[in-house]
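See below for the structure under consideration.
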Amino acid sequence: MTTNSSAEQRLEELREKAWQEGVIPSRGVDVVGGPIPRKPGYYGQSVVKPPVWTWQVPLYFFFGGLGGMSALIAFGAVLFDHVDVARSAMWIAAIAGSVLSPILLIMDLGRPHLFLNMLRVFKHRSAMSMGAWILTAFGMCAVPGLIALELHTHQIFPGMQDQPLRFAADIFILGAAIFGTLLATYTGVLIGATAIPAWFLHRTLLPIHFGTAGLGSAAALLELLGHRIAPLNAIGFFAATVETALLVWLTVDKHGAADRAIHQHSSGWLIRVGEILNGPLALVLRLFGLIPLAAVSFLLGALISRFGWIAVGKISGADPESVYASQQ
């Protein structure tokens, strides 16, 4: 009885203070079994809805970045007349970006017609709507660009004029490079433009990270396919250096409870392991001339980090205290 009386008295004091001052700076009272929960949120429940994405989405992020940036490398190869590199890069772009990415996205949606429904409306303020249109536009450029480039290279139809085919290939590859760059980076914008604290607080980092990871992955896969040329090695150095800098930034840029899913939970280790593989480790391996190992390390790190960001988002979204801390 004494405990209940003191609690009721304290509640009356808080009500009176709130009425007079309009704010209560003190902690308040915890009532066991009462209407005031001990945990943040409504009886400890999530304040925002955590993402329900499964394994298809991180793979979609990975293959979308790989395919999109492969088209960008293909355009650079066409400009400098590295036709063999351009052909390989466009095959990667077509398979990863135009085939695997839509399949993974439709698998996550559950029903194919849902993807078509997203194309019924163009919402420039919606990252999801823009993503569907970017993916569609990319496929409409990458596949014709690959076909035109192959026809030009092999001269399958001798009667065709060579210059129109080359011009068509260049135009389609340019379009694929533009939409491919957007495809590789919009996924970072997509998850950053949410109420999930660990994502929202790093919304500036995520598009840079996803774009760089896609670029480095495309160069790494081309190197593993046998294209050991200086420009691809330079891209590998650039991507690994940027990922190393992003790892340092992520380590230093802490927000306490708001993004503790990255720094205090096991899910954050997936991000750090991924960043180490495609950052410092890949960079050191390249410095020692171990190009195949550096390429494998970067690809593996880019894939692991995608799974890591999804895992972090689920934990951060389910943590009501993180949501409250991010609003302060």
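Ordered as shown in the structure tokens, chains take letters A, B, and onward, while each chain numbers its residues from 1 and ligands are numbered from 1 in the order shown.
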(request) Can you pull out every residue within 10 Å of stretch 286-295 of chain A, counting only C-alpha atoms, but drop anything in the same chain fewer than 6 positions away, and send it as a PyMOL selection string? (result) chain A and resi 216-226+228+233-234+236-237+240+277-280+301
Kindly export the residues of the current selection with C-alpha atoms, as a CSV table (one decimal), in the first residue's frame.
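Result file follows (again15.csv):
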```csv
chain,number,residue,atom,x,y,z
A,216,GLY,CA,34.3,-1.9,-57.9
A,217,SER,CA,32.3,-5.1,-58.3
A,218,ALA,CA,31.9,-4.6,-62.1
A,219,ALA,CA,35.7,-3.9,-62.5
A,220,ALA,CA,36.5,-6.9,-60.3
A,221,LEU,CA,34.3,-9.3,-62.3
A,222,LEU,CA,35.8,-8.1,-65.6
A,223,GLU,CA,39.3,-8.7,-64.2
A,224,LEU,CA,38.3,-12.2,-63.2
A,225,LEU,CA,37.0,-12.8,-66.7
A,226,GLY,CA,40.5,-12.1,-68.0
A,228,ARG,CA,43.7,-7.3,-66.9
A,233,ASN,CA,43.0,-1.8,-62.0
A,234,ALA,CA,42.7,2.0,-61.5
A,236,GLY,CA,39.7,-1.2,-58.4
A,237,PHE,CA,42.1,1.1,-56.6
A,240,ALA,CA,38.8,0.2,-52.6
A,277,LEU,CA,36.9,-7.0,-47.5
A,278,ASN,CA,36.2,-4.5,-50.2
A,279,GLY,CA,38.1,-1.7,-48.5
A,280,PRO,CA,41.5,-2.1,-46.8
A,301,GLY,CA,32.7,-7.7,-49.3
```
(request) Using DSSP on the backbone coordinates, identify all residues within stretch 130-265 of chain A classified as alpha helix (DSSP H); present the result as an MDAnalysis selection string. (result) chainID A and resid 130:154 162:192 197:200 205:224 230:252 260:263
So that I can see what lies close to A:Ala193, please list as a compact mmCIF listing (two decimals) with all heavy atoms, in the first residue's frame the residues with an atom at most 12 Å from it, counting only C-alpha atoms and leaving out residues fewer than 2 positions away in the same chain.
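Below is the file that was written, around06.txt:
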```txt
# COMPACT_ATOMS: atom_id res chain seq x y z
N ARG A 125 8.82 11.76 -56.57
CA ARG A 125 9.18 11.90 -55.16
C ARG A 125 9.27 10.55 -54.45
O ARG A 125 9.64 10.50 -53.28
CB ARG A 125 8.15 12.78 -54.44
CG ARG A 125 8.14 14.23 -54.92
CD ARG A 125 7.13 15.04 -54.13
NE ARG A 125 7.09 16.43 -54.59
CZ ARG A 125 7.90 17.39 -54.16
NH1 ARG A 125 8.81 17.11 -53.25
NH2 ARG A 125 7.80 18.62 -54.63
N SER A 126 8.92 9.50 -55.12
CA SER A 126 8.96 8.16 -54.53
C SER A 126 10.17 7.39 -55.05
O SER A 126 10.29 7.15 -56.25
CB SER A 126 7.66 7.40 -54.86
OG SER A 126 7.78 6.04 -54.51
N ALA A 127 11.07 7.01 -54.14
CA ALA A 127 12.26 6.26 -54.55
C ALA A 127 11.87 4.89 -55.12
O ALA A 127 12.51 4.38 -56.04
CB ALA A 127 13.21 6.09 -53.37
N MET A 128 10.80 4.28 -54.58
CA MET A 128 10.35 2.99 -55.07
C MET A 128 9.83 3.09 -56.50
O MET A 128 10.17 2.27 -57.37
CB MET A 128 9.25 2.43 -54.16
CG MET A 128 8.78 1.04 -54.52
SD MET A 128 10.01 -0.22 -54.13
CE MET A 128 9.84 -0.30 -52.35
N TYR A 186 20.39 4.40 -56.60
CA TYR A 186 19.07 4.73 -56.07
C TYR A 186 18.69 3.84 -54.89
O TYR A 186 17.90 4.26 -54.01
CB TYR A 186 18.00 4.63 -57.17
CG TYR A 186 17.18 3.35 -57.14
CD1 TYR A 186 16.01 3.26 -56.39
CD2 TYR A 186 17.60 2.23 -57.84
CE1 TYR A 186 15.27 2.09 -56.35
CE2 TYR A 186 16.87 1.06 -57.82
CZ TYR A 186 15.70 0.99 -57.07
OH TYR A 186 14.99 -0.17 -57.03
N THR A 187 19.24 2.62 -54.82
CA THR A 187 18.92 1.73 -53.71
C THR A 187 19.40 2.31 -52.38
O THR A 187 18.76 2.12 -51.34
CB THR A 187 19.53 0.34 -53.93
OG1 THR A 187 20.91 0.49 -54.32
CG2 THR A 187 18.79 -0.39 -55.05
N GLY A 188 20.53 3.01 -52.41
CA GLY A 188 20.99 3.70 -51.21
C GLY A 188 20.05 4.83 -50.83
O GLY A 188 19.79 5.07 -49.65
N VAL A 189 19.54 5.55 -51.84
CA VAL A 189 18.55 6.60 -51.57
C VAL A 189 17.27 5.98 -51.03
O VAL A 189 16.63 6.53 -50.12
CB VAL A 189 18.26 7.39 -52.86
CG1 VAL A 189 17.18 8.44 -52.62
CG2 VAL A 189 19.52 8.05 -53.40
N LEU A 190 16.88 4.82 -51.58
CA LEU A 190 15.64 4.15 -51.19
C LEU A 190 15.60 3.84 -49.70
O LEU A 190 14.63 4.15 -49.01
CB LEU A 190 15.49 2.87 -52.01
CG LEU A 190 14.33 1.94 -51.63
CD1 LEU A 190 12.99 2.61 -51.91
CD2 LEU A 190 14.43 0.61 -52.37
N ILE A 191 16.66 3.21 -49.19
CA ILE A 191 16.63 2.84 -47.78
C ILE A 191 16.97 4.02 -46.87
O ILE A 191 16.59 4.03 -45.69
CB ILE A 191 17.56 1.64 -47.48
CG1 ILE A 191 19.03 2.00 -47.68
CG2 ILE A 191 17.19 0.44 -48.33
CD1 ILE A 191 19.98 0.89 -47.27
N ALA A 195 12.11 5.86 -42.21
CA ALA A 195 12.14 6.22 -40.79
C ALA A 195 13.03 5.29 -39.97
O ALA A 195 13.12 5.44 -38.76
CB ALA A 195 10.72 6.20 -40.23
N ILE A 196 13.68 4.33 -40.62
CA ILE A 196 14.59 3.43 -39.91
C ILE A 196 15.82 4.24 -39.48
O ILE A 196 16.56 4.75 -40.34
CB ILE A 196 15.01 2.25 -40.80
CG1 ILE A 196 13.78 1.50 -41.33
CG2 ILE A 196 15.92 1.32 -40.03
CD1 ILE A 196 12.91 0.89 -40.28
N PRO A 197 16.09 4.38 -38.18
CA PRO A 197 17.15 5.29 -37.73
C PRO A 197 18.52 5.01 -38.33
O PRO A 197 19.21 5.93 -38.79
CB PRO A 197 17.15 5.09 -36.21
CG PRO A 197 15.79 4.60 -35.89
CD PRO A 197 15.36 3.77 -37.06
N ALA A 198 18.97 3.75 -38.30
CA ALA A 198 20.32 3.43 -38.78
C ALA A 198 20.48 3.71 -40.27
O ALA A 198 21.60 3.97 -40.73
CB ALA A 198 20.64 1.96 -38.50
N TRP A 199 19.40 3.67 -41.01
CA TRP A 199 19.45 4.00 -42.44
C TRP A 199 19.38 5.51 -42.66
O TRP A 199 20.18 6.08 -43.39
CB TRP A 199 18.31 3.32 -43.19
CG TRP A 199 18.44 1.84 -43.32
CD1 TRP A 199 19.52 1.08 -43.01
CD2 TRP A 199 17.43 0.93 -43.78
NE1 TRP A 199 19.26 -0.25 -43.25
CE2 TRP A 199 17.99 -0.37 -43.72
CE3 TRP A 199 16.13 1.08 -44.23
CZ2 TRP A 199 17.27 -1.51 -44.12
CZ3 TRP A 199 15.41 -0.04 -44.62
CH2 TRP A 199 15.98 -1.32 -44.56
N PHE A 200 18.41 6.13 -41.99
CA PHE A 200 18.17 7.56 -42.22
C PHE A 200 19.38 8.40 -41.79
O PHE A 200 19.74 9.36 -42.47
CB PHE A 200 16.93 8.00 -41.44
CG PHE A 200 16.65 9.47 -41.56
CD1 PHE A 200 16.09 9.99 -42.71
CD2 PHE A 200 16.95 10.35 -40.51
CE1 PHE A 200 15.83 11.35 -42.82
CE2 PHE A 200 16.70 11.70 -40.62
CZ PHE A 200 16.13 12.20 -41.79
N LEU A 201 20.02 8.05 -40.69
CA LEU A 201 21.15 8.84 -40.20
C LEU A 201 22.37 8.74 -41.11
O LEU A 201 23.25 9.59 -41.05
CB LEU A 201 21.52 8.38 -38.78
CG LEU A 201 20.47 8.70 -37.70
CD1 LEU A 201 20.81 8.00 -36.40
CD2 LEU A 201 20.36 10.21 -37.49
N HIS A 202 22.42 7.71 -41.95
CA HIS A 202 23.55 7.54 -42.88
C HIS A 202 23.08 7.65 -44.33
O HIS A 202 23.65 7.04 -45.22
CB HIS A 202 24.22 6.19 -42.64
CG HIS A 202 24.83 6.07 -41.27
ND1 HIS A 202 26.02 6.66 -40.92
CD2 HIS A 202 24.39 5.43 -40.16
CE1 HIS A 202 26.30 6.39 -39.66
NE2 HIS A 202 25.33 5.65 -39.18
N ARG A 203 22.04 8.46 -44.55
CA ARG A 203 21.46 8.59 -45.90
C ARG A 203 22.42 9.23 -46.89
O ARG A 203 22.29 9.01 -48.10
CB ARG A 203 20.17 9.41 -45.81
CG ARG A 203 20.34 10.81 -45.27
CD ARG A 203 18.99 11.45 -44.95
NE ARG A 203 19.12 12.81 -44.41
CZ ARG A 203 19.39 13.09 -43.16
NH1 ARG A 203 19.57 12.11 -42.29
NH2 ARG A 203 19.48 14.35 -42.75
N THR A 204 23.39 10.01 -46.41
CA THR A 204 24.39 10.59 -47.32
C THR A 204 25.42 9.56 -47.72
O THR A 204 25.88 9.54 -48.87
CB THR A 204 25.09 11.79 -46.64
OG1 THR A 204 24.10 12.74 -46.23
CG2 THR A 204 26.05 12.46 -47.59
N LEU A 206 25.03 6.17 -47.85
CA LEU A 206 24.53 4.97 -48.52
C LEU A 206 24.59 5.03 -50.05
O LEU A 206 25.05 4.08 -50.68
CB LEU A 206 23.11 4.67 -48.04
CG LEU A 206 23.04 4.09 -46.62
CD1 LEU A 206 21.61 4.11 -46.09
CD2 LEU A 206 23.58 2.67 -46.60
N PRO A 207 24.12 6.11 -50.72
CA PRO A 207 24.23 6.13 -52.19
C PRO A 207 25.68 6.07 -52.68
O PRO A 207 25.98 5.42 -53.69
CB PRO A 207 23.56 7.45 -52.57
CG PRO A 207 22.69 7.80 -51.42
CD PRO A 207 23.39 7.28 -50.22
```
(request) With a distance cut-off of 9 Å and only C-alpha atoms, select the neighbouring residues of A:Val312, excluding the residue or stretch itself and same-chain residues fewer than 2 positions from it, and output the selection as a PyMOL selection string. (result) chain A and resi 198-199+259+261-262+265-268+270-271+307-310+314-317
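In this comparison, which uses only C-alpha atoms, the residue of A:Val48, A:Ile147, A:Leu183, A:Leu100 approaching A:Trp133 most closely is A:Leu183.
Distance annotation: of A:Thr153, A:Pro50, A:Ile276, A:Ile73, the residue with the minimal separation from A:Leu174 is A:Ile73; atom set is only C-alpha atoms.
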Closest atom pairs, residues of stretch 95-194 of chain A within 12 Å of stretch 79-83 of chain A, only C-alpha atoms, as a Markdown table:
```
| residue | atom | partner | partner_atom | distance |
| --- | --- | --- | --- | --- |
| A:Leu146 | CA | A:Val83 | CA | 11.5 |
| A:Leu149 | CA | A:Val83 | CA | 8.7 |
| A:Glu150 | CA | A:Val83 | CA | 9.9 |
| A:His152 | CA | A:Val83 | CA | 10.3 |
| A:Thr153 | CA | A:Val83 | CA | 8.1 |
| A:His154 | CA | A:Val83 | CA | 11.4 |
| A:Arg166 | CA | A:Val83 | CA | 11.1 |
| A:Phe167 | CA | A:Leu79 | CA | 11.9 |
| A:Ala169 | CA | A:Val83 | CA | 11.3 |
| A:Asp170 | CA | A:Leu79 | CA | 8.7 |
| A:Ile171 | CA | A:Leu79 | CA | 11.6 |
| A:Ile173 | CA | A:Leu79 | CA | 10.6 |
| A:Leu174 | CA | A:Leu79 | CA | 10.1 |
```
